[in-house]
file entry.tsv (TSV, C-alpha atoms)
chain	number	residue	atom	x	y	z
A	1	MET	CA	0.00	0.00	0.00
A	2	ASN	CA	1.37	3.39	-1.01
A	3	ARG	CA	-0.78	5.46	1.32
A	4	SER	CA	-0.12	6.20	4.96
A	5	ASN	CA	-3.10	6.19	7.30
A	6	THR	CA	-1.29	8.38	9.81
A	7	GLY	CA	-1.91	12.10	10.16
A	8	ALA	CA	0.43	14.83	11.35
A	9	ASN	CA	-0.32	17.63	13.81
A	10	LEU	CA	1.05	20.47	11.67
A	11	PRO	CA	-0.97	23.41	10.34
A	12	ALA	CA	0.52	22.88	6.87
A	13	LEU	CA	-1.14	19.45	6.74
A	14	ARG	CA	-4.62	20.61	7.67
A	15	ASN	CA	-6.14	19.49	4.37
A	16	HIS	CA	-4.27	16.19	4.49
A	17	ASN	CA	-5.53	15.46	7.98
A	18	ALA	CA	-9.08	16.42	7.08
A	19	ALA	CA	-8.89	14.00	4.12
A	20	LEU	CA	-7.82	11.18	6.45
A	21	VAL	CA	-10.79	11.86	8.71
A	22	LEU	CA	-13.20	12.08	5.76
A	23	ASP	CA	-11.91	8.78	4.41
A	24	LEU	CA	-12.57	7.04	7.71
A	25	LEU	CA	-16.04	8.58	7.93
A	26	ARG	CA	-16.80	7.31	4.44
A	27	ALA	CA	-15.53	3.81	5.27
A	28	ALA	CA	-17.62	3.72	8.45
A	29	GLY	CA	-20.86	4.19	6.51
A	30	GLU	CA	-24.15	4.61	8.35
A	31	GLU	CA	-22.74	2.98	11.48
A	32	GLY	CA	-20.43	5.95	11.99
A	33	ILE	CA	-17.24	6.32	13.98
A	34	SER	CA	-16.35	8.12	17.20
A	35	ARG	CA	-13.82	10.93	17.59
A	36	LEU	CA	-11.69	8.69	19.81
A	37	GLU	CA	-11.56	6.03	17.09
A	38	LEU	CA	-10.68	8.69	14.53
A	39	ALA	CA	-7.80	9.85	16.71
A	40	GLU	CA	-6.54	6.29	17.24
A	41	ARG	CA	-6.64	5.42	13.54
A	42	THR	CA	-5.10	8.62	12.22
A	43	GLY	CA	-2.54	9.25	14.97
A	44	LEU	CA	-3.95	12.76	15.41
A	45	THR	CA	-4.58	14.20	18.85
A	46	PRO	CA	-8.19	14.22	20.10
A	47	GLN	CA	-8.04	18.03	20.01
A	48	ALA	CA	-7.03	18.03	16.33
A	49	VAL	CA	-9.79	15.54	15.50
A	50	SER	CA	-12.36	17.69	17.32
A	51	LYS	CA	-11.34	20.76	15.29
A	52	ILE	CA	-11.51	18.86	12.01
A	53	THR	CA	-14.86	17.23	12.73
A	54	GLY	CA	-16.21	20.56	13.95
A	55	ARG	CA	-15.35	22.14	10.59
A	56	LEU	CA	-16.86	19.20	8.72
A	57	ARG	CA	-20.08	19.49	10.71
A	58	ASP	CA	-20.24	23.25	10.14
A	59	GLU	CA	-20.01	22.75	6.37
A	60	GLY	CA	-22.54	19.91	6.45
A	61	THR	CA	-20.17	17.14	5.38
A	62	ALA	CA	-20.44	15.24	8.67
A	63	THR	CA	-23.22	14.81	11.20
A	64	GLU	CA	-23.99	12.91	14.39
A	65	ALA	CA	-25.05	9.28	13.96
A	66	GLY	CA	-26.09	8.67	17.57
A	67	ARG	CA	-24.20	7.49	20.62
A	68	ARG	CA	-22.27	4.35	21.35
A	69	ALA	CA	-21.96	2.73	24.76
A	70	SER	CA	-18.58	3.36	26.37
A	71	THR	CA	-16.51	0.98	28.47
A	72	GLY	CA	-16.11	3.80	30.94
A	73	GLY	CA	-17.47	7.31	31.28
A	74	LYS	CA	-20.22	8.86	29.19
A	75	PRO	CA	-21.36	7.33	25.88
A	76	ARG	CA	-19.36	8.37	22.86
A	77	THR	CA	-20.90	10.50	20.12
A	78	VAL	CA	-20.62	8.81	16.76
A	79	LEU	CA	-20.19	10.78	13.53
A	80	LYS	CA	-20.93	9.83	9.93
A	81	LEU	CA	-20.42	11.25	6.46
A	82	VAL	CA	-23.28	13.13	4.76
A	83	PRO	CA	-22.93	11.87	1.16
A	84	SER	CA	-25.39	14.41	-0.25
A	85	ALA	CA	-23.31	17.35	1.05
A	86	ALA	CA	-21.31	17.47	-2.19
A	87	HIS	CA	-21.13	15.79	-5.57
A	88	ALA	CA	-18.80	15.08	-8.46
A	89	ILE	CA	-19.52	14.89	-12.17
A	90	GLY	CA	-17.96	12.29	-14.44
A	91	LEU	CA	-17.87	12.60	-18.23
A	92	HIS	CA	-17.00	9.81	-20.66
A	93	LEU	CA	-16.20	11.25	-24.08
A	94	ASP	CA	-16.27	8.27	-26.42
A	95	ARG	CA	-15.79	8.41	-30.16
A	96	ASP	CA	-19.55	8.35	-30.84
A	97	GLU	CA	-21.33	9.12	-27.57
A	98	LEU	CA	-21.04	11.16	-24.39
A	99	THR	CA	-22.06	9.79	-20.99
A	100	ALA	CA	-22.38	12.11	-17.99
A	101	VAL	CA	-22.98	11.01	-14.40
A	102	LEU	CA	-23.47	12.70	-11.06
A	103	VAL	CA	-22.28	10.87	-7.93
A	104	ASP	CA	-22.37	11.83	-4.27
A	105	LEU	CA	-19.48	11.79	-1.78
A	106	ALA	CA	-19.93	8.07	-1.22
A	107	GLY	CA	-19.60	7.46	-4.96
A	108	THR	CA	-23.28	6.51	-5.30
A	109	LEU	CA	-24.81	7.22	-8.69
A	110	VAL	CA	-27.37	10.04	-8.46
A	111	GLY	CA	-28.04	10.77	-12.14
A	112	ALA	CA	-26.85	9.81	-15.62
A	113	ARG	CA	-27.29	11.00	-19.20
A	114	THR	CA	-26.04	9.57	-22.51
A	115	VAL	CA	-26.20	11.47	-25.81
A	116	PRO	CA	-24.61	11.08	-29.25
A	117	LEU	CA	-21.19	12.69	-29.73
A	118	ASP	CA	-18.91	13.21	-32.71
A	119	LEU	CA	-15.37	13.20	-31.34
A	120	GLY	CA	-14.22	14.13	-34.82
A	121	ALA	CA	-15.87	17.54	-34.52
A	122	GLU	CA	-13.96	20.71	-33.71
A	123	PRO	CA	-12.68	20.64	-30.10
A	124	ALA	CA	-14.66	23.77	-29.21
A	125	ARG	CA	-17.92	22.02	-30.17
A	126	VAL	CA	-17.03	18.95	-28.11
A	127	VAL	CA	-16.14	21.14	-25.11
A	128	GLU	CA	-19.51	22.89	-25.39
A	129	ALA	CA	-21.38	19.57	-25.61
A	130	ALA	CA	-19.53	18.23	-22.56
A	131	ALA	CA	-20.19	21.41	-20.58
A	132	ALA	CA	-23.89	21.33	-21.46
A	133	GLU	CA	-24.27	17.76	-20.16
A	134	ALA	CA	-22.37	18.58	-16.96
A	135	GLU	CA	-24.58	21.62	-16.32
A	136	ALA	CA	-27.73	19.58	-16.98
A	137	LEU	CA	-26.82	17.29	-14.08
A	138	THR	CA	-25.69	19.92	-11.59
A	139	GLY	CA	-29.16	21.16	-10.65
A	140	GLY	CA	-28.00	23.66	-8.05
A	141	ARG	CA	-26.04	21.05	-6.10
A	142	ARG	CA	-22.61	21.66	-4.63
A	143	VAL	CA	-20.18	20.15	-7.15
A	144	LEU	CA	-16.53	19.62	-6.23
A	145	GLY	CA	-15.32	19.20	-9.79
A	146	VAL	CA	-15.61	17.37	-13.08
A	147	GLY	CA	-13.67	14.29	-14.13
A	148	VAL	CA	-13.26	13.63	-17.85
A	149	ALA	CA	-12.34	10.27	-19.37
A	150	MET	CA	-11.67	9.76	-23.08
A	151	PRO	CA	-9.53	7.73	-25.48
A	152	GLY	CA	-5.82	8.42	-25.40
A	153	PRO	CA	-3.02	8.95	-25.66
A	154	LEU	CA	-3.06	12.03	-23.45
A	155	ASP	CA	-1.11	13.69	-20.67
A	156	HIS	CA	-2.95	13.26	-17.37
A	157	ASP	CA	-0.68	15.71	-15.53
A	158	SER	CA	-1.00	18.64	-17.95
A	159	GLY	CA	-4.51	17.88	-19.15
A	160	VAL	CA	-3.38	18.06	-22.78
A	161	LEU	CA	-4.34	15.54	-25.46
A	162	HIS	CA	-1.88	13.81	-27.78
A	163	ARG	CA	-2.72	12.21	-31.12
A	164	VAL	CA	-5.96	10.48	-30.12
A	165	THR	CA	-6.19	7.38	-32.30
A	166	GLY	CA	-8.25	8.23	-35.37
A	167	PHE	CA	-8.59	11.90	-34.34
A	168	PRO	CA	-5.19	13.59	-34.80
A	169	HIS	CA	-6.75	17.08	-34.73
A	170	TRP	CA	-6.94	16.76	-30.92
A	171	SER	CA	-3.15	16.68	-30.60
A	172	GLY	CA	-1.95	19.45	-28.29
A	173	PHE	CA	-5.44	20.59	-27.28
A	174	PRO	CA	-5.62	21.63	-23.57
A	175	LEU	CA	-8.98	19.99	-22.89
A	176	ARG	CA	-8.76	20.15	-19.10
A	177	ASP	CA	-8.15	23.89	-19.00
A	178	ALA	CA	-10.65	24.66	-21.75
A	179	LEU	CA	-13.44	22.82	-19.95
A	180	ALA	CA	-12.46	24.28	-16.57
A	181	GLU	CA	-12.70	27.79	-18.00
A	182	ARG	CA	-16.06	27.05	-19.61
A	183	LEU	CA	-17.59	25.54	-16.45
A	184	GLY	CA	-15.80	27.50	-13.74
A	185	GLN	CA	-15.05	24.15	-12.08
A	186	LYS	CA	-11.95	22.16	-11.26
A	187	VAL	CA	-11.47	19.55	-14.00
A	188	PHE	CA	-9.45	16.32	-14.06
A	189	LEU	CA	-8.58	14.46	-17.28
A	190	ASP	CA	-7.54	10.84	-17.76
A	191	LYS	CA	-7.81	8.02	-20.27
A	192	ASP	CA	-11.10	6.14	-20.28
A	193	THR	CA	-9.43	2.87	-19.30
A	194	ASN	CA	-7.60	4.47	-16.37
A	195	ALA	CA	-10.81	6.01	-15.06
A	196	ALA	CA	-12.65	2.72	-15.30
A	197	ALA	CA	-9.80	0.86	-13.56
A	198	LEU	CA	-9.79	3.42	-10.74
A	199	GLY	CA	-13.52	3.00	-10.22
A	200	LEU	CA	-13.20	-0.78	-10.22
A	201	ALA	CA	-10.32	-0.75	-7.73
A	202	LEU	CA	-12.47	1.19	-5.27
A	203	ARG	CA	-15.24	-1.41	-5.42
A	204	ALA	CA	-15.36	-4.01	-2.65
A	205	ASP	CA	-16.35	-6.71	-5.16
A	206	THR	CA	-13.24	-6.37	-7.36
A	207	ARG	CA	-11.19	-8.63	-5.03
A	208	ALA	CA	-7.83	-8.05	-6.72
A	209	GLU	CA	-4.98	-5.75	-5.75
A	210	SER	CA	-3.28	-6.03	-9.15
A	211	PHE	CA	-5.36	-6.39	-12.28
A	212	ALA	CA	-5.72	-5.37	-15.92
A	213	TYR	CA	-8.99	-3.89	-17.08
A	214	LEU	CA	-9.41	-4.45	-20.84
A	215	HIS	CA	-11.99	-2.16	-22.46
A	216	LEU	CA	-13.35	-3.01	-25.91
A	217	GLY	CA	-15.78	-0.42	-27.17
A	218	SER	CA	-15.22	1.93	-30.08
A	219	GLY	CA	-11.52	1.17	-29.47
A	220	LEU	CA	-9.41	-1.08	-27.25
A	221	GLY	CA	-7.28	-0.09	-24.27
A	222	ALA	CA	-6.17	-1.23	-20.83
A	223	GLY	CA	-6.25	0.23	-17.36
A	224	LEU	CA	-3.65	-1.18	-14.97
A	225	VAL	CA	-3.81	-1.37	-11.19
A	226	LEU	CA	-0.53	-2.67	-9.79
A	227	GLY	CA	0.06	-3.20	-6.08
A	228	GLY	CA	-3.12	-1.29	-5.29
A	229	ALA	CA	-2.17	1.83	-7.27
A	230	LEU	CA	-3.40	3.03	-10.63
A	231	HIS	CA	-0.39	2.73	-12.96
A	232	ARG	CA	-0.25	5.58	-15.49
A	233	GLY	CA	3.47	5.38	-16.25
A	234	ALA	CA	6.17	8.04	-15.99
A	235	ARG	CA	4.64	10.03	-18.88
A	236	THR	CA	1.04	8.91	-18.15
A	237	GLY	CA	1.15	6.80	-21.30
A	238	ALA	CA	0.72	3.29	-19.85
A	239	GLY	CA	-2.16	1.14	-21.03
A	240	GLU	CA	-1.96	1.69	-24.81
A	241	PHE	CA	-2.76	-1.99	-25.03
A	242	GLY	CA	-4.75	-2.04	-28.26
A	243	HIS	CA	-1.86	-1.06	-30.46
A	244	GLN	CA	0.53	-3.91	-29.82
A	245	THR	CA	1.16	-5.85	-33.03
A	246	ILE	CA	0.28	-9.54	-32.82
A	247	LEU	CA	-0.08	-10.28	-36.55
A	248	LEU	CA	2.71	-9.02	-38.80
A	249	GLY	CA	1.25	-7.71	-42.05
A	250	GLY	CA	-2.24	-7.84	-40.58
A	251	PRO	CA	-5.07	-5.37	-41.26
A	252	ALA	CA	-4.43	-1.64	-41.08
A	253	CYS	CA	-5.24	0.09	-37.79
A	254	GLY	CA	-6.35	3.66	-37.11
A	255	CYS	CA	-3.05	4.26	-35.33
A	256	GLY	CA	-1.15	3.81	-38.60
A	257	GLY	CA	0.17	0.36	-37.77
A	258	ARG	CA	-0.88	-3.06	-38.99
A	259	GLY	CA	-1.96	-6.19	-37.15
A	260	CYS	CA	-2.82	-4.40	-33.90
A	261	ILE	CA	-5.06	-6.21	-31.43
A	262	GLU	CA	-7.61	-3.38	-31.67
A	263	ALA	CA	-7.92	-3.70	-35.45
A	264	LEU	CA	-8.15	-7.50	-35.26
A	265	CYS	CA	-10.77	-7.46	-32.49
A	266	LEU	CA	-12.95	-4.78	-34.08
A	267	ALA	CA	-12.78	-6.43	-37.52
A	268	SER	CA	-13.82	-9.77	-35.99
A	269	VAL	CA	-16.73	-8.17	-34.15
A	270	ALA	CA	-17.82	-6.35	-37.32
A	271	ARG	CA	-18.13	-9.63	-39.23
A	272	GLY	CA	-19.93	-11.29	-36.31
A	273	ASP	CA	-17.08	-13.62	-35.28
A	274	ILE	CA	-17.07	-12.91	-31.54
A	275	ALA	CA	-15.12	-16.08	-30.78
A	276	ALA	CA	-12.23	-14.85	-32.96
A	277	ALA	CA	-12.34	-11.42	-31.30
A	278	ALA	CA	-12.15	-13.13	-27.91
A	279	ARG	CA	-9.13	-15.18	-28.99
A	280	PHE	CA	-7.27	-12.09	-30.23
A	281	LEU	CA	-8.09	-10.30	-26.98
A	282	GLY	CA	-6.96	-13.37	-25.07
A	283	VAL	CA	-3.53	-13.27	-26.74
A	284	GLY	CA	-3.03	-9.72	-25.54
A	285	ALA	CA	-4.37	-10.54	-22.08
A	286	ALA	CA	-2.01	-13.52	-21.77
A	287	ASN	CA	0.90	-11.27	-22.75
A	288	LEU	CA	-0.04	-8.85	-19.96
A	289	VAL	CA	-0.40	-11.63	-17.41
A	290	GLY	CA	3.04	-13.02	-18.28
A	291	LEU	CA	4.63	-9.57	-18.24
A	292	LEU	CA	3.06	-8.16	-15.06
A	293	ASP	CA	2.11	-11.24	-12.99
A	294	ILE	CA	-1.27	-9.69	-12.14
A	295	ASP	CA	-4.06	-11.26	-10.07
A	296	ALA	CA	-6.98	-10.92	-12.49
A	297	VAL	CA	-8.15	-9.79	-15.92
A	298	LEU	CA	-11.40	-7.79	-16.01
A	299	LEU	CA	-13.28	-7.23	-19.26
A	300	GLY	CA	-15.57	-4.32	-20.07
A	301	GLY	CA	-16.83	-1.99	-22.78
A	302	ARG	CA	-19.83	-1.99	-25.10
A	303	LYS	CA	-18.56	-4.73	-27.42
A	304	ILE	CA	-17.89	-7.08	-24.51
A	305	ALA	CA	-21.18	-6.24	-22.77
A	306	ALA	CA	-23.02	-7.37	-25.91
A	307	ASP	CA	-21.70	-10.95	-25.48
A	308	GLU	CA	-19.97	-11.23	-22.11
A	309	GLU	CA	-20.10	-15.01	-21.93
A	310	THR	CA	-18.30	-15.57	-25.24
A	311	PHE	CA	-15.60	-13.01	-24.46
A	312	VAL	CA	-14.95	-14.25	-20.93
A	313	ARG	CA	-14.82	-17.86	-22.07
A	314	GLY	CA	-12.57	-17.12	-25.04
A	315	VAL	CA	-10.12	-14.87	-23.21
A	316	ASN	CA	-9.97	-17.25	-20.27
A	317	ALA	CA	-9.15	-20.20	-22.55
A	318	VAL	CA	-6.09	-18.43	-24.00
A	319	VAL	CA	-4.89	-17.12	-20.63
A	320	GLU	CA	-5.33	-20.54	-19.03
A	321	GLU	CA	-3.52	-22.35	-21.84
A	322	ARG	CA	-0.56	-19.95	-21.60
A	323	ALA	CA	-0.42	-20.44	-17.82
A	324	LEU	CA	-0.44	-24.24	-18.15
A	325	ARG	CA	2.40	-24.13	-20.71
A	326	GLY	CA	4.47	-22.07	-18.30
A	327	GLY	CA	3.59	-24.16	-15.26
A	328	ALA	CA	1.94	-21.18	-13.53
A	329	PRO	CA	-1.44	-21.15	-11.80
A	330	ALA	CA	-4.26	-19.70	-13.90
A	331	ILE	CA	-5.72	-16.37	-12.85
A	332	PRO	CA	-9.41	-15.41	-13.06
A	333	VAL	CA	-10.85	-13.73	-16.13
A	334	ARG	CA	-14.26	-12.16	-15.57
A	335	ALA	CA	-16.56	-9.40	-16.69
A	336	ALA	CA	-15.95	-6.17	-14.83
A	337	ALA	CA	-18.60	-4.98	-12.40
A	338	GLY	CA	-20.05	-1.50	-12.62
A	339	GLY	CA	-22.55	-1.52	-15.47
A	340	PRO	CA	-22.89	0.76	-18.50
A	341	HIS	CA	-21.67	3.92	-16.75
A	342	SER	CA	-18.47	2.47	-15.28
A	343	VAL	CA	-16.09	4.73	-17.22
A	344	ALA	CA	-18.04	7.90	-16.37
A	345	GLU	CA	-18.34	6.86	-12.72
A	346	GLY	CA	-14.60	6.23	-12.66
A	347	ALA	CA	-14.11	9.72	-14.10
A	348	ALA	CA	-16.11	11.13	-11.18
A	349	GLN	CA	-13.75	9.30	-8.83
A	350	LEU	CA	-10.89	11.36	-10.30
A	351	VAL	CA	-12.52	14.24	-8.43
A	352	LEU	CA	-13.29	12.35	-5.23
A	353	VAL	CA	-10.11	10.41	-4.52
A	354	PRO	CA	-8.05	13.52	-3.64
A	355	VAL	CA	-10.84	14.66	-1.29
A	356	PHE	CA	-10.34	11.44	0.65
A	357	GLY	CA	-6.54	11.50	0.49
A	358	ARG	CA	-6.23	8.83	-2.19
A	359	ALA	CA	-4.85	10.80	-5.12
A	360	ASN	CA	-2.25	8.15	-6.01
A	361	VAL	CA	-3.74	5.04	-4.47
A	362	ALA	CA	-6.69	3.24	-5.91
A	363	TYR	CA	-7.22	0.33	-3.53
A	364	PRO	CA	-8.75	0.98	-0.06
call {"tool": "encode", "arguments": {"input": "entry.tsv", "output": "C-alpha cells"}}
result
Amino acid sequence: MNRSNTGANLPALRNHNAALVLDLLRAAGEEGISRLELAERTGLTPQAVSKITGRLRDEGTATEAGRRASTGGKPRTVLKLVPSAAHAIGLHLDRDELTAVLVDLAGTLVGARTVPLDLGAEPARVVEAAAAEAEALTGGRRVLGVGVAMPGPLDHDSGVLHRVTGFPHWSGFPLRDALAERLGQKVFLDKDTNAAALGLALRADTRAESFAYLHLGSGLGAGLVLGGALHRGARTGAGEFGHQTILLGGPACGCGGRGCIEALCLASVARGDIAAAARFLGVGAANLVGLLDIDAVLLGGRKIAADEETFVRGVNAVVEERALRGGAPAIPVRAAAGGPHSVAEGAAQLVLVPVFGRANVAYP
C-alpha cells in the first residue's frame, strides 16, 4: 500500500488530515465512527480531530449518527459522512457518444445521461457539448469538480491531449483547462481505461490488488492497477494496449500500424465472429499476465457487454492455456462490475479520490 493512514499535527497538513478523517467517515458508513476512534486510527490528537470534525459538521459534510456505549465514562458520540453534502460529475467522451454522471461523496450514482457525440468535430464544439451535459446534471447542487475520461493517448498531468487514435486534430489541445474555464469548475482528465480501472479498484467486489482492465468499445485499451495503485506510467502513457502488433502484415489500424489487437478485435466483431475477437483479446491478455504477474483480468466496454459469456470464455481459454504451458497457476478472467456507466463513474472518482486523500492510491 502506497498510502499512509497516519496524520500529522502540523498546520501545513490541515487538508491532508481532514482528508484522512473524511476517508474514515466514508468507510464507516451509516454505522459511523467516534472521535476517539478517529484519533486512534489517524494518529492525530483528540483536540485536532475535534477541530476537524467541527469544521466538517459546520459545512454539512459530517453529522452525528447517535451514541455508542462506552466501556467507561459517558457514551461516545458517533459521527458519519453526509454523502449528499457534495457531488462530483464524471464525463466519458467516447468516439460516438457522451455519458455524464453525477455521484455523491460516497460514490453513489445520483443521475446519468447519454447522448450522441462526434469526437471528430472541432474541439470547441465537443467542449460545449460536454459542458452542457455537466450543467444539466448539476441542478443547483454543490459540485466539487468534473472528471473527464476519453480515449488516449493524453497527458494526465498537464490535461493536454496527444494524437488520439483516429482523431489527430486533438493533438496538443488543452482539454482540461478549456473545460475548466467554460464551467468554472476544477477539471481532471484521464484516459477512459484508467478512469474505469480506478472506479473498479475502489469497489469491494473487485477482489484483486493487481489487475488489468481491458476495455473493448469503439476502441481497445487497458487500465492497470498494480500493487493497489493506478499505474499511469512516468509520462502517463501506460495502457496503450490495443496497439501492440500480434499479426505481422495484418489489417491496417487507425493508429497507422498493422496487425494491432484493436484492429483485429474490431474487424472480428464487425463480421460477427465474436469467438475470434475473444481469442485475439486473449492473446493480448495472456501477454499482460506473463509480463506483469497480475491477479486478475477484467473485461468491459460496449462490445464485450453485448456478449460477455463468449468473451470471458474465449479470453480465459487463451490465458489458461498460456499459464499451463508455463507451469503457472491460472488467474481469473471475468466481466468487470459496474454496469454501462463504469467509465463515467470512474471519471467522477478522479474528483473524489483527492478529497479522501487517495490521489495516487486506488485500492482501499
call {"tool": "residues_near_point", "arguments": {"input": "entry.tsv", "point": "(0.1, -18.4, -23.6)", "cutoff": "9 Å", "atoms": "all atoms listed in the file", "output": "PyMOL selection string"}}
result
chain A and resi 282-283+286-287+290+318-326
call {"tool": "closest_residue", "arguments": {"input": "entry.tsv", "among": "A:Leu214, A:Leu248, A:Leu264, A:Ala275", "to": "Leu298 of chain A", "atoms": "all atoms listed in the file"}}
result
A:Leu214
call {"tool": "atom_distance", "arguments": {"input": "entry.tsv", "atom1": "atom CA of Ala197 of chain A", "atom2": "atom CA of Val110 of chain A"}}
result
20.5 Å
call {"tool": "residues_around", "arguments": {"input": "entry.tsv", "residues": "Leu105 of chain A", "least_positions_apart": "5", "cutoff": "8 Å", "atoms": "only C-alpha atoms", "output": "short mmCIF file (atom, residue, chain, number, x, y, z; two decimals) with C-alpha atoms, keeping the file's coordinate frame"}}
result
data_model
loop_
_atom_site.label_atom_id
_atom_site.label_comp_id
_atom_site.auth_asym_id
_atom_site.auth_seq_id
_atom_site.Cartn_x
_atom_site.Cartn_y
_atom_site.Cartn_z
CA VAL A 82 -23.28 13.13 4.76
CA PRO A 83 -22.93 11.87 1.16
CA SER A 84 -25.39 14.41 -0.25
CA ALA A 85 -23.31 17.35 1.05
CA ALA A 86 -21.31 17.47 -2.19
CA HIS A 87 -21.13 15.79 -5.57
CA ALA A 88 -18.80 15.08 -8.46
CA LEU A 352 -13.29 12.35 -5.23
#
call {"tool": "atom_distance", "arguments": {"input": "entry.tsv", "atom1": "atom CA of Leu91 of chain A", "atom2": "atom CA of Met150 of chain A"}}
result
8.4 Å
call {"tool": "closest_atom_pairs", "arguments": {"input": "entry.tsv", "of": "segment 289-351 of chain A", "to": "segment 224-247 of chain A", "cutoff": "12 Å", "atoms": "only C-alpha atoms", "output": "Markdown table"}}
result
| residue | atom | partner | partner_atom | distance |
| --- | --- | --- | --- | --- |
| A:Val289 | CA | A:Leu224 | CA | 11.2 |
| A:Leu292 | CA | A:Leu226 | CA | 8.4 |
| A:Asp293 | CA | A:Leu226 | CA | 9.5 |
| A:Ile294 | CA | A:Leu226 | CA | 7.4 |
| A:Asp295 | CA | A:Leu226 | CA | 9.3 |
| A:Ala296 | CA | A:Val225 | CA | 10.1 |
| A:Val297 | CA | A:Leu224 | CA | 9.8 |
| A:Leu298 | CA | A:Leu224 | CA | 10.2 |
| A:Gly346 | CA | A:Leu230 | CA | 11.8 |
| A:Leu350 | CA | A:Leu230 | CA | 11.2 |
call {"tool": "residues_around", "arguments": {"input": "entry.tsv", "residues": "segment 46-50 of chain A", "least_positions_apart": "6", "cutoff": "8 Å", "atoms": "all atoms listed in the file", "output": "PDB file with C-alpha atoms, keeping the file's coordinate frame"}}
result
ATOM      1  CA  ASN A   9      -0.320  17.630  13.810  1.00  0.00           C
ATOM      2  CA  VAL A  21     -10.790  11.860   8.710  1.00  0.00           C
ATOM      3  CA  ARG A  35     -13.820  10.930  17.590  1.00  0.00           C
ATOM      4  CA  LEU A  36     -11.690   8.690  19.810  1.00  0.00           C
ATOM      5  CA  LEU A  38     -10.680   8.690  14.530  1.00  0.00           C
ATOM      6  CA  ALA A  39      -7.800   9.850  16.710  1.00  0.00           C
TER       7      ALA A  39
END
call {"tool": "residues_around", "arguments": {"input": "entry.tsv", "residues": "Val312 of chain A", "least_positions_apart": "6", "cutoff": "8 Å", "atoms": "all atoms listed in the file", "output": "PyMOL selection string"}}
result
chain A and resi 278+299+333-335
call {"tool": "closest_residue", "arguments": {"input": "entry.tsv", "among": "A:Leu20, A:Leu200, A:Ile331, A:Ala121", "to": "His169 of chain A", "atoms": "only C-alpha atoms"}}
result
A:Ala121
call {"tool": "residues_around", "arguments": {"input": "entry.tsv", "residues": "Leu161 of chain A", "least_positions_apart": "3", "cutoff": "6 Å", "atoms": "all atoms listed in the file", "output": "ChimeraX atom specification"}}
result
/A:154,171-173
call {"tool": "closest_residue", "arguments": {"input": "entry.tsv", "among": "A:Asp23, A:Asp205, A:Glu262, A:Asp273", "to": "Lys80 of chain A", "atoms": "only C-alpha atoms"}}
result
A:Asp23
